[in-house]
Every structure is written in structure tokens, then in C-alpha cells.
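Q: I'm passing along coords28.txt; it holds compact mmCIF, C-alpha atoms.
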```
# COMPACT_ATOMS: atom_id res chain seq x y z
CA MET A 1 -20.27 19.72 -18.90
CA ALA A 2 -16.66 20.94 -18.68
CA GLY A 3 -17.26 22.37 -15.20
CA PHE A 4 -18.88 19.12 -14.12
CA ILE A 5 -15.86 17.10 -15.29
CA LEU A 6 -13.40 19.54 -13.67
CA LYS A 7 -15.23 19.25 -10.35
CA ARG A 8 -15.02 15.46 -10.48
CA LEU A 9 -11.30 15.60 -11.36
CA LEU A 10 -10.56 17.82 -8.36
CA GLN A 11 -12.44 15.41 -6.11
CA ALA A 12 -10.43 12.55 -7.61
CA VAL A 13 -7.13 14.28 -6.73
CA PHE A 14 -8.08 14.40 -3.05
CA VAL A 15 -9.17 10.77 -3.14
CA VAL A 16 -5.86 9.69 -4.69
CA LEU A 17 -3.87 11.64 -2.09
CA ALA A 18 -5.84 10.03 0.72
CA VAL A 19 -5.45 6.54 -0.75
CA THR A 20 -1.71 6.87 -1.32
CA LEU A 21 -1.19 8.18 2.22
CA ILE A 22 -3.16 5.31 3.77
CA VAL A 23 -1.42 2.73 1.57
CA SER A 24 2.03 4.12 2.33
CA PHE A 25 1.34 3.89 6.05
CA ALA A 26 -0.41 0.52 5.94
CA VAL A 27 2.26 -1.35 3.96
CA ARG A 28 4.79 -0.50 6.64
CA LEU A 29 2.73 -2.39 9.20
CA SER A 30 3.34 -5.69 7.40
CA GLY A 31 6.82 -6.16 8.86
CA ASP A 32 10.46 -5.22 8.41
CA PRO A 33 11.76 -6.03 4.90
CA ALA A 34 15.34 -5.91 6.20
CA ILE A 35 14.63 -8.95 8.37
CA MET A 36 12.87 -10.65 5.46
CA LEU A 37 15.88 -10.12 3.19
CA THR A 38 18.35 -11.57 5.68
CA GLY A 39 16.33 -14.78 6.03
CA ALA A 40 16.89 -17.04 9.01
CA GLY A 41 20.60 -16.27 9.31
CA SER A 42 22.04 -14.54 12.34
CA VAL A 43 22.61 -10.82 11.71
CA THR A 44 23.50 -7.92 13.93
CA GLU A 45 21.42 -4.81 14.45
CA GLN A 46 24.08 -2.87 12.55
CA ASP A 47 23.61 -5.15 9.54
CA LEU A 48 19.85 -4.48 9.65
CA GLN A 49 20.47 -0.75 9.90
CA ASN A 50 22.75 -0.90 6.85
CA ILE A 51 20.09 -2.76 4.87
CA ARG A 52 17.41 -0.24 5.89
CA LYS A 53 19.70 2.60 4.83
CA ALA A 54 20.38 0.97 1.47
CA LEU A 55 16.62 0.58 0.91
CA GLY A 56 15.89 4.13 2.02
CA LEU A 57 13.82 2.99 4.99
CA GLU A 58 15.80 4.97 7.56
CA ARG A 59 14.23 8.23 6.38
CA PRO A 60 11.17 9.70 8.17
CA PHE A 61 7.81 8.39 6.92
CA PHE A 62 6.64 11.64 5.30
CA VAL A 63 9.96 12.08 3.52
CA GLN A 64 9.47 8.62 1.99
CA TYR A 65 5.83 9.45 1.20
CA PHE A 66 6.55 12.72 -0.62
CA SER A 67 9.37 11.02 -2.50
CA PHE A 68 6.84 8.39 -3.59
CA LEU A 69 4.36 11.09 -4.73
CA LYS A 70 7.10 12.80 -6.72
CA GLY A 71 7.92 9.50 -8.41
CA ILE A 72 4.25 8.90 -9.32
CA LEU A 73 4.22 12.11 -11.39
CA VAL A 74 6.95 10.72 -13.66
CA GLY A 75 5.82 7.09 -13.54
CA ASP A 76 8.62 6.00 -11.20
CA PHE A 77 7.39 3.74 -8.39
CA GLY A 78 10.87 2.79 -7.23
CA ARG A 79 12.59 -0.58 -7.45
CA SER A 80 11.66 -3.92 -6.01
CA PHE A 81 13.51 -4.93 -2.86
CA MET A 82 13.74 -8.42 -4.35
CA GLY A 83 16.07 -8.14 -7.34
CA GLY A 84 15.96 -4.40 -7.95
CA THR A 85 13.56 -4.59 -10.93
CA PRO A 86 11.73 -1.28 -11.55
CA VAL A 87 8.23 -1.51 -10.08
CA ALA A 88 6.81 0.27 -13.13
CA LYS A 89 8.11 -2.57 -15.31
CA LEU A 90 6.51 -5.23 -13.08
CA ILE A 91 3.21 -3.36 -13.10
CA GLY A 92 3.42 -2.89 -16.87
CA GLN A 93 3.69 -6.66 -17.25
CA ALA A 94 0.89 -7.53 -14.79
CA LEU A 95 -1.73 -4.81 -15.35
CA PRO A 96 -2.76 -5.76 -18.92
CA ALA A 97 -3.44 -9.35 -17.82
CA THR A 98 -5.70 -8.20 -14.99
CA LEU A 99 -7.56 -5.66 -17.14
CA LEU A 100 -8.12 -8.18 -19.92
CA LEU A 101 -9.53 -10.70 -17.47
CA ALA A 102 -11.68 -8.09 -15.72
CA PHE A 103 -13.12 -6.73 -18.99
CA ALA A 104 -13.79 -10.23 -20.28
CA SER A 105 -15.60 -11.13 -17.04
CA LEU A 106 -17.66 -7.95 -16.97
CA LEU A 107 -18.66 -8.06 -20.64
CA THR A 108 -19.66 -11.71 -20.30
CA SER A 109 -21.74 -10.84 -17.26
CA ILE A 110 -23.50 -7.94 -19.04
CA ALA A 111 -24.20 -10.12 -22.09
CA PHE A 112 -26.07 -12.58 -19.86
CA SER A 113 -27.54 -10.38 -17.13
CA VAL A 114 -29.22 -7.66 -19.25
CA PRO A 115 -31.43 -9.95 -21.41
CA LEU A 116 -32.12 -12.29 -18.47
CA GLY A 117 -33.01 -9.38 -16.19
CA VAL A 118 -35.28 -7.80 -18.80
CA TYR A 119 -36.95 -11.14 -19.51
CA ALA A 120 -37.49 -11.78 -15.78
CA ALA A 121 -39.12 -8.34 -15.42
CA VAL A 122 -41.41 -8.96 -18.38
CA LYS A 123 -42.39 -12.39 -17.00
CA ARG A 124 -42.80 -11.11 -13.45
CA GLY A 125 -44.33 -13.71 -11.14
CA ARG A 126 -44.31 -16.48 -13.78
CA TRP A 127 -42.10 -19.56 -13.81
CA PRO A 128 -39.32 -18.02 -16.01
CA ASP A 129 -39.00 -15.18 -13.51
CA GLN A 130 -38.95 -17.59 -10.57
CA LEU A 131 -36.35 -19.80 -12.26
CA ILE A 132 -34.04 -16.86 -13.06
CA ARG A 133 -34.30 -15.55 -9.49
CA ILE A 134 -33.52 -18.99 -8.03
CA LEU A 135 -30.50 -19.43 -10.31
CA SER A 136 -29.22 -15.96 -9.39
CA LEU A 137 -29.52 -16.82 -5.71
CA VAL A 138 -27.58 -20.05 -6.30
CA GLY A 139 -24.90 -18.08 -8.15
CA LEU A 140 -24.57 -15.68 -5.23
CA SER A 141 -23.99 -18.63 -2.92
CA PHE A 142 -20.86 -19.82 -4.73
CA PRO A 143 -17.52 -18.66 -3.25
CA ASN A 144 -15.34 -17.59 -6.18
CA PHE A 145 -12.39 -19.79 -5.14
CA TRP A 146 -14.65 -22.89 -4.90
CA LEU A 147 -16.21 -22.16 -8.28
CA ALA A 148 -12.75 -21.68 -9.80
CA ILE A 149 -11.57 -25.03 -8.44
CA MET A 150 -14.72 -26.75 -9.76
CA MET A 151 -14.06 -25.21 -13.19
CA VAL A 152 -10.55 -26.67 -13.21
CA LEU A 153 -11.78 -30.11 -12.09
CA PHE A 154 -14.53 -30.26 -14.70
CA PHE A 155 -13.15 -28.54 -17.80
CA SER A 156 -9.45 -29.38 -17.40
CA ILE A 157 -9.12 -32.61 -15.45
CA THR A 158 -12.39 -34.40 -16.33
CA LEU A 159 -12.99 -33.22 -19.89
CA GLY A 160 -9.47 -32.06 -20.81
CA LEU A 161 -10.86 -29.19 -22.88
CA LEU A 162 -9.12 -26.17 -21.36
CA PRO A 163 -5.68 -25.41 -19.89
CA PRO A 164 -5.84 -25.50 -16.06
CA SER A 165 -3.67 -22.44 -15.45
CA GLY A 166 -1.53 -19.74 -16.96
CA MET A 167 -2.12 -17.31 -19.80
CA GLU A 168 -1.40 -19.19 -22.99
CA GLY A 169 -3.98 -17.93 -25.48
CA PRO A 170 -7.74 -17.30 -25.86
CA GLN A 171 -8.66 -20.64 -24.25
CA SER A 172 -6.94 -19.57 -21.04
CA PHE A 173 -9.52 -16.79 -20.59
CA VAL A 174 -12.55 -19.07 -20.58
CA MET A 175 -12.46 -20.51 -17.06
CA PRO A 176 -11.28 -17.45 -15.07
CA ALA A 177 -13.57 -15.09 -16.97
CA LEU A 178 -16.53 -17.45 -16.66
CA THR A 179 -15.86 -17.91 -12.95
CA MET A 180 -16.08 -14.18 -12.26
CA ALA A 181 -18.92 -13.66 -14.76
CA ILE A 182 -21.17 -16.21 -13.04
CA ILE A 183 -20.83 -14.43 -9.71
CA LEU A 184 -21.30 -10.97 -11.28
CA THR A 185 -24.30 -12.10 -13.30
CA ALA A 186 -26.04 -13.44 -10.20
CA THR A 187 -26.08 -9.90 -8.81
CA ASN A 188 -26.60 -8.00 -12.06
CA VAL A 189 -29.66 -10.01 -13.10
CA ARG A 190 -31.47 -9.02 -9.92
CA LEU A 191 -30.44 -5.38 -10.35
CA VAL A 192 -31.62 -5.25 -13.98
CA ARG A 193 -34.91 -6.92 -13.04
CA THR A 194 -35.62 -4.54 -10.17
CA SER A 195 -34.73 -1.44 -12.21
CA MET A 196 -36.81 -2.59 -15.18
CA LEU A 197 -39.84 -3.36 -12.99
CA GLU A 198 -39.77 0.17 -11.62
CA THR A 199 -39.40 1.68 -15.10
CA LEU A 200 -42.09 -0.46 -16.72
CA SER A 201 -44.63 0.83 -14.22
CA GLN A 202 -44.11 4.45 -15.35
CA GLN A 203 -46.79 6.25 -17.33
CA TYR A 204 -44.62 7.07 -20.34
CA ILE A 205 -44.09 3.34 -20.93
CA MET A 206 -47.84 2.86 -21.08
CA VAL A 207 -48.08 5.79 -23.52
CA ALA A 208 -45.36 4.25 -25.72
CA ARG A 209 -47.22 0.95 -25.82
CA SER A 210 -50.52 2.67 -26.59
CA LYS A 211 -48.90 4.22 -29.67
CA GLY A 212 -48.41 0.72 -31.06
CA LEU A 213 -44.66 0.53 -30.69
CA LYS A 214 -43.15 -2.95 -30.82
CA ASP A 215 -42.37 -4.58 -27.50
CA TRP A 216 -38.61 -4.72 -28.13
CA VAL A 217 -38.59 -0.99 -28.93
CA VAL A 218 -40.44 -0.18 -25.71
CA LEU A 219 -38.21 -2.47 -23.65
CA TYR A 220 -34.76 -1.72 -25.02
CA LYS A 221 -35.07 1.80 -26.44
CA HIS A 222 -37.24 3.41 -23.76
CA ALA A 223 -37.39 1.31 -20.60
CA LEU A 224 -33.80 0.01 -20.54
CA ARG A 225 -32.32 3.43 -21.31
CA ASN A 226 -34.21 5.04 -18.43
CA SER A 227 -33.10 2.18 -16.18
CA ALA A 228 -29.48 2.76 -17.16
CA ILE A 229 -28.44 5.19 -14.39
CA PRO A 230 -28.54 2.69 -11.50
CA LEU A 231 -27.08 0.05 -13.82
CA VAL A 232 -24.19 2.27 -14.91
CA THR A 233 -23.59 3.20 -11.28
CA TYR A 234 -23.45 -0.32 -9.99
CA ILE A 235 -21.53 -1.80 -12.92
CA GLY A 236 -18.93 0.97 -12.66
CA LEU A 237 -18.48 0.38 -8.95
CA GLN A 238 -18.60 -3.36 -9.55
CA PHE A 239 -15.72 -3.13 -12.00
CA GLY A 240 -13.63 -1.36 -9.38
CA GLY A 241 -14.46 -4.07 -6.86
CA LEU A 242 -13.77 -6.71 -9.48
CA ILE A 243 -10.22 -5.44 -9.93
CA GLY A 244 -9.62 -5.88 -6.21
CA SER A 245 -11.38 -9.22 -5.71
CA ILE A 246 -9.95 -10.92 -8.79
CA VAL A 247 -6.76 -11.75 -6.86
CA ILE A 248 -8.21 -15.05 -5.59
CA VAL A 249 -9.18 -16.19 -9.07
CA GLU A 250 -5.76 -15.16 -10.36
CA ARG A 251 -4.10 -17.31 -7.71
CA VAL A 252 -6.22 -20.38 -8.50
CA PHE A 253 -5.55 -20.13 -12.23
CA ASN A 254 -1.96 -18.88 -11.81
CA TRP A 255 -2.90 -15.78 -13.78
CA PRO A 256 0.02 -13.31 -14.11
CA GLY A 257 -1.93 -10.22 -13.05
CA MET A 258 -1.88 -7.45 -10.46
CA GLY A 259 -3.46 -9.61 -7.79
CA THR A 260 -0.70 -12.18 -8.01
CA LEU A 261 1.93 -9.42 -8.05
CA ALA A 262 0.50 -7.77 -4.91
CA PHE A 263 0.06 -11.10 -3.13
CA ASP A 264 3.69 -12.05 -3.73
CA ALA A 265 4.79 -8.58 -2.60
CA ILE A 266 2.92 -8.98 0.70
CA SER A 267 4.64 -12.31 1.34
CA ALA A 268 8.07 -10.80 0.61
CA ARG A 269 7.50 -7.48 2.47
CA ASP A 270 8.33 -5.78 -0.82
CA TYR A 271 7.11 -2.25 -0.01
CA PRO A 272 7.70 -0.58 -3.39
CA VAL A 273 5.92 -3.33 -5.36
CA LEU A 274 2.99 -3.52 -2.95
CA GLN A 275 2.69 0.24 -2.67
CA GLY A 276 2.94 0.73 -6.42
CA SER A 277 0.47 -2.07 -7.19
CA ILE A 278 -2.22 -0.81 -4.82
CA THR A 279 -1.72 2.78 -5.94
CA VAL A 280 -2.13 1.88 -9.61
CA LEU A 281 -5.25 -0.14 -8.83
CA ALA A 282 -6.63 2.78 -6.79
CA LEU A 283 -5.89 5.21 -9.63
CA PHE A 284 -7.66 2.94 -12.05
CA ILE A 285 -10.72 2.62 -9.78
CA VAL A 286 -10.87 6.41 -9.40
CA PHE A 287 -10.65 6.75 -13.18
CA ILE A 288 -13.53 4.30 -13.61
CA ASN A 289 -15.62 6.28 -11.11
CA ILE A 290 -14.95 9.48 -13.08
CA LEU A 291 -16.14 7.74 -16.25
CA VAL A 292 -19.27 6.64 -14.38
CA ASP A 293 -19.93 10.24 -13.30
CA ILE A 294 -19.45 11.47 -16.88
CA ALA A 295 -21.83 8.78 -18.10
CA TYR A 296 -24.32 10.06 -15.50
CA GLY A 297 -24.09 13.54 -16.95
CA LEU A 298 -24.60 12.29 -20.49
CA ILE A 299 -27.60 10.13 -19.59
CA ASP A 300 -29.27 12.67 -17.28
CA PRO A 301 -28.30 16.36 -17.80
CA ARG A 302 -29.85 17.28 -14.42
CA ILE A 303 -26.88 15.60 -12.66
CA ARG A 304 -24.43 18.09 -14.19
CA THR A 305 -25.81 20.87 -11.98
CA GLU A 306 -25.21 18.96 -8.72
```
Show me the file's structure as C-alpha cells.

A:
Amino acid sequence: MAGFILKRLLQAVFVVLAVTLIVSFAVRLSGDPAIMLTGAGSVTEQDLQNIRKALGLERPFFVQYFSFLKGILVGDFGRSFMGGTPVAKLIGQALPATLLLAFASLLTSIAFSVPLGVYAAVKRGRWPDQLIRILSLVGLSFPNFWLAIMMVLFFSITLGLLPPSGMEGPQSFVMPALTMAIILTATNVRLVRTSMLETLSQQYIMVARSKGLKDWVVLYKHALRNSAIPLVTYIGLQFGGLIGSIVIVERVFNWPGMGTLAFDAISARDYPVLQGSITVLALFIVFINILVDIAYGLIDPRIRTE
């Protein structure tokens, strides 16, 4: 198992290097921050050169890149062009909010999708199965920004039950987490159903039932466990995608997370903040994928030899 984990860690290092290189190059295509900082006022080319020099942008690209890599090792992502605040401090303030919202959304989705998917598989072809499949298709049809706006209109404006925006306590989590959970559940229910249908048709399930085991034992102890590999795979990858796609929901609910931080950095051409934000998100996604691989190895020992 140690060799398996080491192999995955080495692969992750190459992935992180590739991501940071692409991000470092891509953020510089968004425009010149020196022009952004000077606003609409008339400035000379010499003034712009002085600003670029003060920001360290006059150095060759790879010099800037290796300086950035060196800073990552000690947790130094530089300082924001707008105000000079350390990027690490800004990320430290925004990352917990995004992770809390992402975990709340994913756990809510799992709590709904697993029992609904199992139930749909058991009732295959009957009206409960048809109803669950129709509802999941409807859920997939909702754009997340539209669903978020509808949540605000209904729960905040019409009923006055929940705060419309911000992060002001447990109630603030309900609408953004539920918005993302509905969309995730629509996909996860179908995945759980499909995986369970394949597992329930296996011979060992029939043997377990012939031994007189209770239905819930057969379903949740035997069938669901053997269906877990594709579920763990998809949910792990889904969590990584959730971190990236949650930016729209954060903007609608004015959630102080990484998405909002990166969006504001794009608008301001704030290279260090944007570069640091995307790098941290990429590192987190790589970390999640490593955990998924380790979970693979624990569930199915045959994967460790690959």
C-alpha cells in the first residue's frame, strides 16, 4: 500500500507542476495590471514601466514562475497588486468558506442520492423508479444560477425565512448548499441506480438472499459496498468540479469564498491573487484525487498492483 501511495504522490507532483505552469502563463493573458492600476488617467510609457518594475513584471516569465514555485514551498504566494495584502492571508480567509459550502452541498447530496438511488434500483420499472428518474432529469435541467435566484426569491423575499446573502450563521448555509445539492443529487441518483442495478444482478447477491439475509443487509452491506468504486470515483471527481463551479453560486449569495476572490482578481488583473487562488484550488483537487485513489486501494486490493 505504501508503494501505491508513493506512486500516486509522484504523479501528483507532475500534475501540480503542469497546472502551475499553465496558470502562470494564462493569467498573464488577461491584460496588463499596470494599465489597470493607473485607471483612465493619462500616463506615459515610462510610468507604466516603473509600475511593472515595482510589481516585478519586468522579469522574464520563467524567472517569475520559478520565484512563484519557491514561494509555494513556504506558503508565500506574494502580495496583492491591489493594496499589498499577502495573498496567503486572503486565501486563508476565503478557503474555509468555500470548503464548508462544498462539503455541506456534497454531504446533503449523498444523504439524498444514495437512498433514492438504491430505492429506484429496487423498484426498477415501477412508478417510484419512474418518478425518481423524472425528478432527476428535471434537476439536471436547472442552471445553478437560476436555481439560486429562485431560492432567494422564495425563501428570502416571499417567505422571509432565510438571509438572502452573506455568511452570517448556520441559516446562511441552507440556500447555497441546497442549490448545489439539488444539482448534484440529480446526477448522483442516476449513478447510484445504475451501479446498484448492475450489482444486484450478480450471482453472489442471489446467494446472499438465498441464505435468508434481510433485504437491508443485502442492499447496504453487500450490494452498496460492491457498487462503491464507481461511486467513490465520481463523487471524488465531482467534489473537485464542485470547488470550481461553486463560483457562480458564491456570487449570487455574496458568499466570501475562493470563487468570489478569484472572480474579483480577474476583474482587477490581480495576478498574484488569481494565480494563488487557482493554484490552491488545483492543489486541493489533486489532494482529493489522491484520497480517491487510496480509497480505491482500500476497497479493492487488486487496484494497488496497477

Q: What is the CA of Ser113 (chain A)-CA of Val189 (chain A) distance in Å, reported with one decimal?

A: 4.6 Å

Q: For CA of Tyr271 (chain A) and CA of Met258 (chain A), determine how far apart the two atoms are, in Å to one decimal place.

A: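 One can read the CA of Tyr271 (chain A) to CA of Met258 (chain A) distance as 14.7 Å.
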
Q: Let me make sure I understand: among A:Tyr234, A:Phe68, A:Trp146, A:Trp255, which one has the smallest atom-to-atom distance to Ala97 (chain A) if we use all atoms listed in the file?

A: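 Closest to Ala97 (chain A) of all the choices is A:Trp255.
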
Q: Hey, can you check how far CA of Ser156 (chain A) sits from CA of Glu168 (chain A)?

A: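 Separation between CA of Ser156 (chain A) and CA of Glu168 (chain A): 14.1 Å.
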
Q: Around the point (-30.5, -11.7, -18.3), in the coordinates given by the file, pick out the residues reaching within 10 Å, counting all atoms listed in the file, and return them as a VMD selection string.

A: chain A and resid 109 to 121 132 136 185 to 186 188 to 190 192 to 193
